[in-house]
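*Asks:* Please read through the structure below; I'll follow up with questions.
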Amino acid sequence: MGLSRLNKLIAEAGVASRRAADKLIAEGRVSIDGETITELGFKADPEISDIKVDGESLKLTKSKTYLAFHKPRGVISTMSDPEGRDNLGDYFKDRKDRLYHVGRLDKDSEGLILLTNDGEFAHRATHPSYGLEKHYLVEIEGEFNKQLSDQLLQGVRLEDGLARAIKVVHARAVSRNHHWVEITIHEGRYHIIRRLIESLGLKVLRLIRTEFGPIGIGDMKPGRHRILNSPELLNLFKVLNIKQ
């Protein structure tokens with residue numbers, strides 16, 4: 001296999017994303033052949049060295065899993081929860097592989113979320129530099145007009161910087177103060193869609209992610225999942241510049 005960066009090996013084993021793996025290394029929780037490693041960027045060969053995280057030997061995943069899941073409203077985007085709240089892990093208890101979610105949706109949002117045991121894929125899919133587009137269907141309370149649509153496209157100054165949509169489509173007006181709007185963005189800051197809408201003096205009644213990059217939710221029901229097919233994976237890997 002040869003030498004590879006330690007954080008990449010940890011990610012490929014499905015233990016954590018590369019960013020989280022760097023934190024594990026910095027905290028002194030990773031060892032190679034009994035020696036604690038804290039140097040970021042350290043390289044190792046898992047075929048000749050015993051790499052451990054928290055005392056447990058690394059097992060590189062041979063088969064990789066890529067799932068699309070329709071997260072229901074009220075479910076938190078974690079694989080477990082010490083408070084016993086409904087979480088993603090509740091829907092995958094029968095799986096033996098260690099999955100983690102790619103990005104997240106807040107508790108009150110619903111729709112498409114990806115899960116995988118491929119750390120390199122998860123790292124790239126959530127890294128801002130790759131700019132995967134996310135498409136949302138948003139139910140809004142308040143009067144929505146072209147001026148507000150243009151404002152979303154031009155950008156809105158939030159507390160953590162400028163944010164903007166890259167596409168806005170007024171899908172349907174239920175009434176003067178009740179609208180459905182399609183919004184596409186390429187970033188994943190915390191509650192970004194809700195904060196954009198609320199900054200315009202409007203209220204989000206419902207928020208559904210329908211697309212994550214080239215992957216669409218289709219007619220999949222809440223709480224159901226499916227395995228990504230080969231064309232979908234090829235499109236994703238092409239966008240993320242992952243060579244197969």
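Order determines the names: the first chain of the structure tokens is A, the second B, and so forth; residues in each chain are numbered 1 upward, and ligands are numbered 1 upward as they are shown.
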Within range 117-236 of chain A, find each residue whose DSSP state, derived from the backbone, is helix (DSSP H, G or I), and express the selection as a PyMOL selection string.

*Replies:* chain A and resi 119-126+128-130+146-154+192-199+230-236

*Asks:* Just list as a ChimeraX atom specification whatever in range 148-229 of chain A DSSP marks as strand (DSSP E or B).

*Replies:* /A:156-158,161-163,167-175,178-185,203-212,215-216,225-227

*Asks:* Please list as a list of chain:residue names every residue within 6 Å of range 51-53 of chain A, counting only C-alpha atoms and excluding residues in the same chain fewer than 5 positions away.

*Replies:*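 Final neighbour list, sorted by chain and number: A:Arg29, A:Val30, A:Ser31, A:Ile32, A:Leu58.
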
*Asks:* For the contact check between range 131-205 of chain A and range 87-103 of chain A, emit one row per residue of range 131-205 of chain A within 12 Å, containing the shortest atom pair and the distance in Å rounded to one decimal, counting only C-alpha atoms, chain then rising number order, as a tab-separated table.

*Replies:*
residue	atom	partner	partner_atom	distance
A:Leu132	CA	A:Gly103	CA	11.0
A:Lys134	CA	A:Gly103	CA	10.8
A:Glu187	CA	A:Gly103	CA	10.5
A:Gly188	CA	A:Gly103	CA	7.6
A:Arg189	CA	A:Gly103	CA	9.9
A:Tyr190	CA	A:Gly103	CA	10.2
A:His191	CA	A:Gly103	CA	11.9

*Asks:* Excluding range 169-182 of chain A and any residue of its chain fewer than 6 positions from it, enumerate the residues within 7 Å of it, using only C-alpha atoms, and give them as JSON, numbers by chain.

*Replies:* {"A": [136, 137, 138, 139, 140, 141, 142, 143, 144]}

*Asks:* Keeping N, CA and C atoms for every residue in the selection just given, could you write it to a file as a PDB file, in the first residue's frame?

*Replies:*
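This is the output file selection-v2.pdb:
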ATOM      1  N   TYR A 136     -32.684  23.376  -2.192  1.00  0.00           N
ATOM      2  CA  TYR A 136     -33.691  23.314  -1.140  1.00  0.00           C
ATOM      3  C   TYR A 136     -35.044  23.801  -1.641  1.00  0.00           C
ATOM      4  N   LEU A 137     -36.094  23.196  -1.108  1.00  0.00           N
ATOM      5  CA  LEU A 137     -37.456  23.665  -1.309  1.00  0.00           C
ATOM      6  C   LEU A 137     -37.901  24.249   0.025  1.00  0.00           C
ATOM      7  N   VAL A 138     -38.265  25.539   0.007  1.00  0.00           N
ATOM      8  CA  VAL A 138     -38.529  26.244   1.256  1.00  0.00           C
ATOM      9  C   VAL A 138     -39.953  26.809   1.266  1.00  0.00           C
ATOM     10  N   GLU A 139     -40.699  26.481   2.320  1.00  0.00           N
ATOM     11  CA  GLU A 139     -42.027  27.057   2.523  1.00  0.00           C
ATOM     12  C   GLU A 139     -41.873  28.296   3.397  1.00  0.00           C
ATOM     13  N   ILE A 140     -42.362  29.418   2.913  1.00  0.00           N
ATOM     14  CA  ILE A 140     -42.102  30.707   3.554  1.00  0.00           C
ATOM     15  C   ILE A 140     -43.394  31.404   3.949  1.00  0.00           C
ATOM     16  N   GLU A 141     -43.374  31.978   5.136  1.00  0.00           N
ATOM     17  CA  GLU A 141     -44.475  32.842   5.583  1.00  0.00           C
ATOM     18  C   GLU A 141     -44.029  34.286   5.457  1.00  0.00           C
ATOM     19  N   GLY A 142     -44.802  35.084   4.740  1.00  0.00           N
ATOM     20  CA  GLY A 142     -44.439  36.473   4.495  1.00  0.00           C
ATOM     21  C   GLY A 142     -44.526  36.766   3.002  1.00  0.00           C
ATOM     22  N   GLU A 143     -44.509  38.003   2.661  1.00  0.00           N
ATOM     23  CA  GLU A 143     -44.632  38.379   1.256  1.00  0.00           C
ATOM     24  C   GLU A 143     -43.276  38.255   0.563  1.00  0.00           C
ATOM     25  N   PHE A 144     -43.220  37.404  -0.450  1.00  0.00           N
ATOM     26  CA  PHE A 144     -41.967  37.174  -1.186  1.00  0.00           C
ATOM     27  C   PHE A 144     -42.108  37.755  -2.585  1.00  0.00           C
TER      28      PHE A 144
END

*Asks:* What's the 7 Å shell around range 17-22 of chain A, counting only C-alpha atoms, without same-chain residues fewer than 4 positions away, as a ChimeraX atom specification?

*Replies:* /A:7-8,10-11,26,40,119,122-123

*Asks:* One decimal, in Å: what's the spacing between CA of Ser230 in chain A and CA of Lys243 in chain A?

*Replies:* 14.1 Å

*Asks:* Fewer than 4 positions away in the same chain doesn't count, so skip those; otherwise give me all residues within 8 Å of Ala44 in chain A, counting only C-alpha atoms, as a PDB file with C-alpha atoms, in the first residue's frame.

*Replies:*
ATOM      1  CA  GLY A   2       2.865   2.372   0.743  1.00  0.00           C
ATOM      2  CA  LEU A   3       3.053   5.513   2.842  1.00  0.00           C
ATOM      3  CA  SER A   4      -0.077   7.625   3.283  1.00  0.00           C
ATOM      4  CA  ARG A   5      -0.916  10.577   5.483  1.00  0.00           C
ATOM      5  CA  LEU A   6      -2.157   9.452   8.865  1.00  0.00           C
ATOM      6  CA  SER A  49       2.713  -0.703  11.061  1.00  0.00           C
TER       7      SER A  49
END

*Asks:* So what do you get for CA of Glu198 in chain A versus CA of Arg73 in chain A, distance-wise?

*Replies:*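 Straight-line distance from CA of Glu198 in chain A to CA of Arg73 in chain A works out to 19.4 Å.
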
*Asks:* So which residues touch Lys59 in chain A within 10 Å, counting only C-alpha atoms, skipping near sequence neighbours fewer than 2 positions away, as an mmCIF file with C-alpha atoms, in the first residue's frame?

*Replies:*
data_model
loop_
_atom_site.group_PDB
_atom_site.id
_atom_site.type_symbol
_atom_site.label_atom_id
_atom_site.label_comp_id
_atom_site.auth_asym_id
_atom_site.auth_seq_id
_atom_site.Cartn_x
_atom_site.Cartn_y
_atom_site.Cartn_z
ATOM 1 C CA LEU A 9 -5.757 6.456 6.701
ATOM 2 C CA ILE A 10 -7.943 7.214 9.717
ATOM 3 C CA GLU A 12 -10.449 5.667 5.063
ATOM 4 C CA ALA A 13 -10.971 3.365 8.039
ATOM 5 C CA GLY A 14 -14.239 5.172 8.724
ATOM 6 C CA VAL A 15 -13.164 6.396 12.155
ATOM 7 C CA PRO A 46 -0.772 0.377 7.480
ATOM 8 C CA ASP A 50 0.101 -1.110 13.791
ATOM 9 C CA ILE A 51 -1.865 2.132 13.811
ATOM 10 C CA LYS A 52 -4.183 2.607 16.785
ATOM 11 C CA GLU A 56 -7.921 0.216 18.948
ATOM 12 C CA SER A 57 -6.077 -0.979 15.836
ATOM 13 C CA THR A 61 -12.410 -0.632 5.104
ATOM 14 C CA LYS A 62 -12.294 -2.901 2.070
#

*Asks:* Considering only C-alpha atoms, tabulate each residue of range 50-135 of chain A that lies at most 6 Å from range 202-209 of chain A along with its nearest interatomic pair and the corresponding distance in Å to one decimal; arrange the rows by chain and ascending residue number and present them as JSON lines.

*Replies:*
{"residue": "A:Ser109", "atom": "CA", "partner": "A:Leu207", "partner_atom": "CA", "distance": 5.1}
{"residue": "A:Glu110", "atom": "CA", "partner": "A:Ile208", "partner_atom": "CA", "distance": 4.9}
{"residue": "A:Gly111", "atom": "CA", "partner": "A:Arg209", "partner_atom": "CA", "distance": 4.6}
{"residue": "A:Leu112", "atom": "CA", "partner": "A:Arg209", "partner_atom": "CA", "distance": 5.4}
{"residue": "A:His135", "atom": "CA", "partner": "A:Arg209", "partner_atom": "CA", "distance": 5.8}

*Asks:* Output N, CA and C atoms for every residue in the selection just made, as a PDB file, in the first residue's frame.

*Replies:*
ATOM      1  N   SER A 109     -35.267  20.621   9.881  1.00  0.00           N
ATOM      2  CA  SER A 109     -35.207  20.494   8.433  1.00  0.00           C
ATOM      3  C   SER A 109     -35.312  19.022   8.051  1.00  0.00           C
ATOM      4  N   GLU A 110     -35.629  18.781   6.787  1.00  0.00           N
ATOM      5  CA  GLU A 110     -35.800  17.411   6.314  1.00  0.00           C
ATOM      6  C   GLU A 110     -35.186  17.275   4.931  1.00  0.00           C
ATOM      7  N   GLY A 111     -35.135  16.045   4.466  1.00  0.00           N
ATOM      8  CA  GLY A 111     -34.656  15.848   3.110  1.00  0.00           C
ATOM      9  C   GLY A 111     -33.373  15.046   3.003  1.00  0.00           C
ATOM     10  N   LEU A 112     -32.666  15.250   1.897  1.00  0.00           N
ATOM     11  CA  LEU A 112     -31.545  14.408   1.506  1.00  0.00           C
ATOM     12  C   LEU A 112     -30.294  14.634   2.346  1.00  0.00           C
ATOM     13  N   HIS A 135     -29.612  21.983  -3.120  1.00  0.00           N
ATOM     14  CA  HIS A 135     -30.874  22.547  -3.592  1.00  0.00           C
ATOM     15  C   HIS A 135     -31.952  22.316  -2.535  1.00  0.00           C
TER      16      HIS A 135
END

*Asks:* Nearest to Arg226 in chain A: which of A:Thr116, A:Ser199, A:Thr36, A:Ser149 is it, counting only C-alpha atoms?

*Replies:* A:Thr116
